[in-house]
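Engineer: I have a structure I would like to understand better, so I am pasting it below and will then ask my questions one at a time.
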Amino acid sequence: ILTLDTKIQTLAEKALGERVGAVVVLKPASGEILAMVSYPYFDPNLFSTGTSGAYSKLANDPLKPLLNRAVNAVYPPASTFKTIMTAALLAEGSISPDKKIECKGKMDYGDRLFHCHIGVPGHGYMNLKNALAQSCNIYFWTTGRDYLGVDRIAFYSKEFGLGQNLSIDLPGSEKGLIPNARWKERVYHEKWLGGDTMSMSIGQGYTLVTPLHIANVMAMFVNEGIIYKPHLLKEVRDPVSSEVIQSVKPEILFKSKIPENVWPVMKEYLRYMVTDGTAQGVLMKN
């Protein structure tokens with residue numbers, strides 16, 4: 001017996017459509033996977049029916065339908081990473097959440113010109129709550145570079161389970177990558193620069209995660225510091241008597257050291273992002 005909810009699974013498949021990517025719906029209180037979609041997908045019955053050349057055709061398809069993009073592929077987390085940045089800034093207390101930073105839509109650093117997604121003239125003066133709600137690049141570039149730094153960003157990323165194996169009951173789960181200065185010097189023989197920290201601060205650069213990692217990040221906010229081991233298997237029953245032979249119980253995978261007072265504030269900020277920020281699109285309109 002699987003944890004999948006057929007109604008949610010069908011809804012997730014329709015929502016993704018024919019866009020290359022993945023959808024994961026996770027039950028925060030238990031780690032149960034309620035829906036998991038990876039597109040393009042394939043019909044596994046092709047292998048049991050002995051269709052000639054089925055595997056070769058799938059393996060050579062440039063869109064890689066054999067790849068489960070929910071757990072076996074990694075991507076830059078992009079602006080979803082700003083939730084972790086916000087939690088880190090609240091936990092560190094290195095900048096007051098009420099302090100306002102001006103966003104003019106662009107900023108110079110080194111020999112590069114960095115642009116906020118909104119463009120010129122920018123968001124104006126933003127505090128932490130509004131910066132998260134409006135996904136302001138300028139705010140998080142500034143605070144990541146000047147108030148946190150790469151090592152603290154990496155520390156809090158790992159507190160949310162990023163860069164670590166999620167132990168899901170599927171083969172080949174990717175752990176992703178949370179970089180730091182030592183990693184860059186070892187791999188590229190180059191020094192870590194302030195621009196690298198800025199890119200990392202908005203989920204770009206070298207940082208890589210799976211869609212399941214991001215679902216777990218949101219689960220940690222819901223659970224106020226706890227992530228349960230994600231799983232698809234719910235129970236095993238005897239095929240004749242239907243007696244339950246094995247039942248999968250919730251198992252804590254990660255428990256964060258982030259202070260308890262951070263979580264209620266983050267819930268308030270995330271709610272505000274949905275009601276008044278860039279995530280308003282998820283609300284149903286009458």
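Each chain in the structure tokens gets a letter, A, B and so on, in the order shown; residues start at 1 in every chain, and ligands are counted from 1 in the order they appear.
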When you look at Lys234 in chain A with a cut-off of 12 Å (counting only C-alpha atoms), what residues show up, excluding the ones that are within fewer than 4 positions of it in the same chain? I need them as a ChimeraX atom specification.

Structural biologist: /A:1-5,30-34,169,230,244-250

Engineer: Could you save those same residues with N, CA and C atoms as a tab-separated table (two decimals), in the first residue's frame?

Structural biologist:
```
chain	number	residue	atom	x	y	z
A	1	ILE	N	0.86	-1.18	0.00
A	1	ILE	CA	0.00	0.00	0.00
A	1	ILE	C	0.89	1.23	0.00
A	2	LEU	N	0.66	2.13	-0.96
A	2	LEU	CA	1.47	3.33	-1.07
A	2	LEU	C	0.80	4.52	-0.36
A	3	THR	N	1.60	5.54	-0.13
A	3	THR	CA	1.11	6.75	0.53
A	3	THR	C	0.41	7.69	-0.45
A	4	LEU	N	0.50	7.41	-1.74
A	4	LEU	CA	-0.05	8.31	-2.76
A	4	LEU	C	-1.56	8.48	-2.62
A	5	ASP	N	-2.00	9.71	-2.78
A	5	ASP	CA	-3.42	10.03	-2.83
A	5	ASP	C	-3.77	10.21	-4.31
A	30	SER	N	4.21	13.51	8.64
A	30	SER	CA	4.64	12.11	8.62
A	30	SER	C	5.71	11.81	7.58
A	31	GLY	N	5.92	12.71	6.62
A	31	GLY	CA	6.85	12.44	5.53
A	31	GLY	C	6.24	11.64	4.40
A	32	GLU	N	4.94	11.36	4.47
A	32	GLU	CA	4.29	10.60	3.40
A	32	GLU	C	4.25	11.41	2.11
A	33	ILE	N	4.59	10.77	0.99
A	33	ILE	CA	4.49	11.40	-0.32
A	33	ILE	C	3.07	11.21	-0.83
A	34	LEU	N	2.33	12.30	-0.96
A	34	LEU	CA	0.94	12.24	-1.42
A	34	LEU	C	0.84	12.30	-2.94
A	169	ASP	N	12.62	6.01	0.07
A	169	ASP	CA	12.64	4.60	-0.31
A	169	ASP	C	12.54	4.43	-1.84
A	230	PRO	N	11.02	11.12	4.19
A	230	PRO	CA	10.01	10.98	3.13
A	230	PRO	C	9.90	9.52	2.67
A	244	VAL	N	-1.90	-6.86	8.02
A	244	VAL	CA	-0.79	-5.93	7.90
A	244	VAL	C	0.49	-6.61	8.40
A	245	ILE	N	1.45	-6.77	7.51
A	245	ILE	CA	2.72	-7.39	7.85
A	245	ILE	C	3.74	-6.34	8.29
A	246	GLN	N	3.71	-5.21	7.63
A	246	GLN	CA	4.64	-4.12	7.94
A	246	GLN	C	3.92	-2.80	7.81
A	247	SER	N	4.15	-1.91	8.76
A	247	SER	CA	3.57	-0.57	8.70
A	247	SER	C	4.68	0.45	8.92
A	248	VAL	N	4.77	1.43	8.03
A	248	VAL	CA	5.83	2.43	8.11
A	248	VAL	C	5.38	3.57	9.03
A	249	LYS	N	6.15	3.79	10.08
A	249	LYS	CA	5.85	4.85	11.05
A	249	LYS	C	6.67	6.10	10.74
A	250	PRO	N	6.17	7.28	11.11
A	250	PRO	CA	6.94	8.50	10.91
A	250	PRO	C	8.29	8.42	11.63
```

Engineer: Quick one: residues within 12 Å of Thr143 in chain A, only C-alpha atoms counted, chain neighbours fewer than 3 positions away excluded, as a PyMOL selection string?

Structural biologist: chain A and resi 82+85-86+88-90+92-97+99-102+126-128+131+136-140+146-150+152-153+194+197-202

Engineer: Could you save the residues just selected, with C-alpha atoms, as a PDB file, in the first residue's frame?

Structural biologist:
```pdb
ATOM      1  CA  LYS A  82      15.082  33.084   0.198  1.00  0.00           C
ATOM      2  CA  MET A  85      17.907  33.120   4.048  1.00  0.00           C
ATOM      3  CA  THR A  86      15.068  34.738   5.990  1.00  0.00           C
ATOM      4  CA  ALA A  88      18.988  32.486   8.908  1.00  0.00           C
ATOM      5  CA  LEU A  89      18.755  36.264   9.305  1.00  0.00           C
ATOM      6  CA  LEU A  90      16.143  35.904  12.063  1.00  0.00           C
ATOM      7  CA  GLU A  92      21.502  35.141  13.627  1.00  0.00           C
ATOM      8  CA  GLY A  93      20.090  38.509  14.649  1.00  0.00           C
ATOM      9  CA  SER A  94      22.909  40.163  12.686  1.00  0.00           C
ATOM     10  CA  ILE A  95      20.444  42.639  11.196  1.00  0.00           C
ATOM     11  CA  SER A  96      17.151  43.879  12.597  1.00  0.00           C
ATOM     12  CA  PRO A  97      14.187  42.517  10.604  1.00  0.00           C
ATOM     13  CA  LYS A  99      15.952  47.601   9.073  1.00  0.00           C
ATOM     14  CA  LYS A 100      15.154  48.788   5.555  1.00  0.00           C
ATOM     15  CA  ILE A 101      17.434  48.322   2.568  1.00  0.00           C
ATOM     16  CA  GLU A 102      16.794  50.308  -0.589  1.00  0.00           C
ATOM     17  CA  MET A 126      12.326  46.893   2.041  1.00  0.00           C
ATOM     18  CA  ASN A 127      12.400  45.325   5.492  1.00  0.00           C
ATOM     19  CA  LEU A 128      12.847  41.560   5.897  1.00  0.00           C
ATOM     20  CA  ALA A 131      11.715  41.537   1.027  1.00  0.00           C
ATOM     21  CA  CYS A 136      13.654  41.229  -3.562  1.00  0.00           C
ATOM     22  CA  ASN A 137      17.041  40.214  -4.938  1.00  0.00           C
ATOM     23  CA  ILE A 138      18.753  43.420  -3.799  1.00  0.00           C
ATOM     24  CA  TYR A 139      17.787  42.830  -0.171  1.00  0.00           C
ATOM     25  CA  PHE A 140      19.051  39.254  -0.083  1.00  0.00           C
ATOM     26  CA  ASP A 146      27.293  41.826   4.350  1.00  0.00           C
ATOM     27  CA  TYR A 147      25.477  40.169   7.282  1.00  0.00           C
ATOM     28  CA  LEU A 148      25.682  36.380   6.839  1.00  0.00           C
ATOM     29  CA  GLY A 149      28.505  35.254   4.557  1.00  0.00           C
ATOM     30  CA  VAL A 150      28.948  31.944   2.781  1.00  0.00           C
ATOM     31  CA  ARG A 152      26.596  30.842   7.761  1.00  0.00           C
ATOM     32  CA  ILE A 153      24.452  30.453   4.661  1.00  0.00           C
ATOM     33  CA  GLY A 194      31.599  38.220  -2.774  1.00  0.00           C
ATOM     34  CA  THR A 197      27.922  34.751  -1.948  1.00  0.00           C
ATOM     35  CA  MET A 198      25.433  37.065  -3.615  1.00  0.00           C
ATOM     36  CA  SER A 199      24.451  34.408  -6.164  1.00  0.00           C
ATOM     37  CA  MET A 200      24.099  31.825  -3.405  1.00  0.00           C
ATOM     38  CA  SER A 201      21.881  34.214  -1.426  1.00  0.00           C
ATOM     39  CA  ILE A 202      19.122  34.009  -4.045  1.00  0.00           C
TER      40      ILE A 202
END
```

Engineer: Distance table requested - range 267-286 of chain A against range 220-223 of chain A, cut-off 12 Å, only C-alpha atoms: one row per qualifying residue with the closest atom pair and its distance in Å to one decimal, ordered by chain and rising residue number, as a tab-separated table.

Structural biologist:
```
residue	atom	partner	partner_atom	distance
A:Lys267	CA	A:Phe221	CA	6.9
A:Glu268	CA	A:Phe221	CA	10.6
A:Tyr269	CA	A:Phe221	CA	10.9
A:Leu270	CA	A:Phe221	CA	9.1
A:Arg271	CA	A:Val222	CA	11.3
```

Engineer: If I take CA of Ile178 in chain A and CA of Lys191 in chain A, how far is one from the other in Å, to one decimal?

Structural biologist: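 Atom-to-atom, CA of Ile178 in chain A and CA of Lys191 in chain A are spaced 16.1 Å apart.
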
Engineer: When distances are computed from only C-alpha atoms, which of A:Gly203, A:Gly277, A:Pro40, A:Pro121 shows the smallest separation from Gln134 in chain A?

Structural biologist: A:Gly277

Engineer: Counting only C-alpha atoms, which residue out of A:Asp196, A:Thr207, A:Leu46, A:Leu132 sits closest to Tyr109 in chain A?

Structural biologist: A:Asp196

Engineer: For His123 in chain A, which residue among A:Pro65, A:Gly144, A:Gly21, A:Gly105 is the nearest when counting only C-alpha atoms?

Structural biologist: A:Gly105

Engineer: Near Ile8 in chain A, counting only C-alpha atoms, which residues have an atom at most 12 Å away, once you skip same-chain residues fewer than 4 positions from it, shown as JSON, numbers by chain?

Structural biologist: {"A": [3, 4, 12, 13, 14, 15, 23, 24, 25, 26, 27, 33, 34, 35, 36, 37]}

Engineer: Just write the chosen residues, N, CA and C atoms, as a tab-separated table (two decimals), in the first residue's frame.

Structural biologist:
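Okay, this is what ended up in again.tsv:
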```
chain	number	residue	atom	x	y	z
A	3	THR	N	1.60	5.54	-0.13
A	3	THR	CA	1.11	6.75	0.53
A	3	THR	C	0.41	7.69	-0.45
A	4	LEU	N	0.50	7.41	-1.74
A	4	LEU	CA	-0.05	8.31	-2.76
A	4	LEU	C	-1.56	8.48	-2.62
A	12	ALA	N	-1.86	16.90	-9.55
A	12	ALA	CA	-0.46	17.30	-9.77
A	12	ALA	C	-0.04	17.04	-11.21
A	13	GLU	N	-0.47	15.92	-11.77
A	13	GLU	CA	-0.14	15.59	-13.15
A	13	GLU	C	-0.76	16.62	-14.11
A	14	LYS	N	-2.00	17.00	-13.85
A	14	LYS	CA	-2.67	17.99	-14.70
A	14	LYS	C	-2.02	19.36	-14.55
A	15	ALA	N	-1.62	19.70	-13.33
A	15	ALA	CA	-1.01	21.00	-13.09
A	15	ALA	C	0.34	21.13	-13.81
A	23	VAL	N	6.78	17.60	-9.71
A	23	VAL	CA	5.91	18.08	-8.63
A	23	VAL	C	6.00	17.08	-7.48
A	24	VAL	N	6.16	17.58	-6.27
A	24	VAL	CA	6.14	16.73	-5.07
A	24	VAL	C	5.14	17.32	-4.09
A	25	VAL	N	4.23	16.50	-3.60
A	25	VAL	CA	3.31	16.90	-2.54
A	25	VAL	C	3.60	16.01	-1.34
A	26	LEU	N	3.95	16.66	-0.22
A	26	LEU	CA	4.44	15.95	0.96
A	26	LEU	C	3.54	16.24	2.15
A	27	LYS	N	3.27	15.23	2.96
A	27	LYS	CA	2.55	15.42	4.21
A	27	LYS	C	3.56	15.74	5.31
A	33	ILE	N	4.59	10.77	0.99
A	33	ILE	CA	4.49	11.40	-0.32
A	33	ILE	C	3.07	11.21	-0.83
A	34	LEU	N	2.33	12.30	-0.96
A	34	LEU	CA	0.94	12.24	-1.42
A	34	LEU	C	0.84	12.30	-2.94
A	35	ALA	N	1.84	12.90	-3.57
A	35	ALA	CA	1.90	12.93	-5.03
A	35	ALA	C	3.34	13.14	-5.46
A	36	MET	N	3.73	12.48	-6.54
A	36	MET	CA	5.05	12.67	-7.11
A	36	MET	C	4.94	12.52	-8.62
A	37	VAL	N	5.27	13.58	-9.34
A	37	VAL	CA	5.16	13.59	-10.79
A	37	VAL	C	6.49	14.02	-11.39
```

Engineer: Please report the interatomic distance between CA of Arg145 in chain A and CA of Gly110 in chain A in Å with one decimal.

Structural biologist: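 It comes out at 12.7 Å.
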
Engineer: Please give the complete set of residues from range 20-253 of chain A that DSSP, run on the backbone, assigns to alpha helix (DSSP H), formatted as a ChimeraX atom specification.

Structural biologist: /A:45-48,54-59,82-92,128-134,137-143,150-159,181-188,194-201,211-223

Engineer: Ile258 in chain A: which residues within 9 Å, counting only C-alpha atoms, same-chain residues fewer than 4 positions away excluded, as a list in words?

Structural biologist: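 Final neighbour list, sorted by chain and number: Ala87, Ala88, Ala91, Tyr156, Glu159, Gly225, Val262 and Trp263 of chain A.
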
Engineer: Nearest residue to Glu260 in chain A out of A:Gln9, A:Asn180, A:Glu224, A:Ile118, using only C-alpha atoms?

Structural biologist: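 Counting only C-alpha atoms, the residue closest to Glu260 in chain A is A:Glu224.
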
Engineer: Among range 81-267 of chain A, which ones does DSSP place in strand (DSSP E or B), written as a VMD selection string?

Structural biologist: chain A and resid 101 to 103 106 to 109 112 to 115 124 to 126 177 208 to 209 226 to 228 231 233 235 to 237 244 to 247 252 to 255

Engineer: For Val71 in chain A, find every residue with an atom within 10 Å (counting only C-alpha atoms), except residues of its own chain fewer than 5 positions away, and show them as an NGL selection string.

Structural biologist: :A and (22 or 24 or 36 or 38 or 165-166 or 168 or 170-176 or 209-213)

Engineer: With N, CA and C atoms retained, write the just-selected residues as an mmCIF file, in the first residue's frame.

Structural biologist:
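Final file, result27.cif:
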```
data_model
loop_
_atom_site.group_PDB
_atom_site.id
_atom_site.type_symbol
_atom_site.label_atom_id
_atom_site.label_comp_id
_atom_site.auth_asym_id
_atom_site.auth_seq_id
_atom_site.Cartn_x
_atom_site.Cartn_y
_atom_site.Cartn_z
ATOM 1 N N ALA A 22 9.046 18.583 -12.344
ATOM 2 C CA ALA A 22 8.548 17.660 -11.321
ATOM 3 C C ALA A 22 7.651 18.378 -10.332
ATOM 4 N N VAL A 24 6.161 17.578 -6.268
ATOM 5 C CA VAL A 24 6.142 16.730 -5.073
ATOM 6 C C VAL A 24 5.144 17.320 -4.089
ATOM 7 N N MET A 36 3.726 12.484 -6.541
ATOM 8 C CA MET A 36 5.054 12.673 -7.108
ATOM 9 C C MET A 36 4.937 12.521 -8.618
ATOM 10 N N SER A 38 6.921 13.330 -12.416
ATOM 11 C CA SER A 38 8.091 13.714 -13.188
ATOM 12 C C SER A 38 7.708 13.637 -14.658
ATOM 13 N N ASN A 165 21.557 13.472 1.779
ATOM 14 C CA ASN A 165 20.666 12.451 1.241
ATOM 15 C C ASN A 165 19.383 12.400 2.061
ATOM 16 N N LEU A 166 18.254 12.319 1.374
ATOM 17 C CA LEU A 166 16.958 12.366 2.052
ATOM 18 C C LEU A 166 16.420 10.982 2.427
ATOM 19 N N ILE A 168 14.894 8.644 1.007
ATOM 20 C CA ILE A 168 13.587 8.187 0.523
ATOM 21 C C ILE A 168 13.704 6.749 0.019
ATOM 22 N N LEU A 170 13.407 5.129 -2.554
ATOM 23 C CA LEU A 170 13.569 5.019 -4.007
ATOM 24 C C LEU A 170 15.068 5.014 -4.292
ATOM 25 N N PRO A 171 15.495 4.342 -5.355
ATOM 26 C CA PRO A 171 16.934 4.286 -5.646
ATOM 27 C C PRO A 171 17.461 5.573 -6.269
ATOM 28 N N GLY A 172 18.738 5.839 -6.035
ATOM 29 C CA GLY A 172 19.429 6.914 -6.733
ATOM 30 C C GLY A 172 19.080 8.316 -6.309
ATOM 31 N N SER A 173 18.605 8.515 -5.091
ATOM 32 C CA SER A 173 18.254 9.855 -4.626
ATOM 33 C C SER A 173 19.494 10.746 -4.567
ATOM 34 N N GLU A 174 19.418 11.923 -5.177
ATOM 35 C CA GLU A 174 20.542 12.862 -5.204
ATOM 36 C C GLU A 174 20.561 13.710 -3.930
ATOM 37 N N LYS A 175 21.752 13.994 -3.433
ATOM 38 C CA LYS A 175 21.867 14.827 -2.230
ATOM 39 C C LYS A 175 22.062 16.298 -2.558
ATOM 40 N N GLY A 176 22.357 16.619 -3.834
ATOM 41 C CA GLY A 176 22.536 18.010 -4.205
ATOM 42 C C GLY A 176 23.879 18.555 -3.750
ATOM 43 N N VAL A 209 19.717 21.463 -5.639
ATOM 44 C CA VAL A 209 18.796 20.701 -4.788
ATOM 45 C C VAL A 209 17.840 19.909 -5.676
ATOM 46 N N THR A 210 17.178 18.939 -5.087
ATOM 47 C CA THR A 210 16.086 18.251 -5.772
ATOM 48 C C THR A 210 14.762 18.909 -5.377
ATOM 49 N N PRO A 211 13.705 18.723 -6.176
ATOM 50 C CA PRO A 211 12.395 19.216 -5.763
ATOM 51 C C PRO A 211 11.963 18.663 -4.401
ATOM 52 N N LEU A 212 12.344 17.429 -4.087
ATOM 53 C CA LEU A 212 11.996 16.858 -2.787
ATOM 54 C C LEU A 212 12.670 17.614 -1.646
ATOM 55 N N HIS A 213 13.894 18.088 -1.858
ATOM 56 C CA HIS A 213 14.560 18.902 -0.834
ATOM 57 C C HIS A 213 13.719 20.137 -0.501
#
```

Engineer: For each of A:Thr80, A:Arg237, A:Leu63, A:Met218, take the minimum atom-to-atom distance to Glu18 in chain A, counting only C-alpha atoms, then give the residue where this is smallest.

Structural biologist: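 Residue with the minimum atom-to-atom distance to Glu18 in chain A: A:Leu63.
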
Engineer: Using CA of Leu113 in chain A and CA of Val74 in chain A as the two end points, give the distance in Å to one decimal.

Structural biologist: 27.3 Å
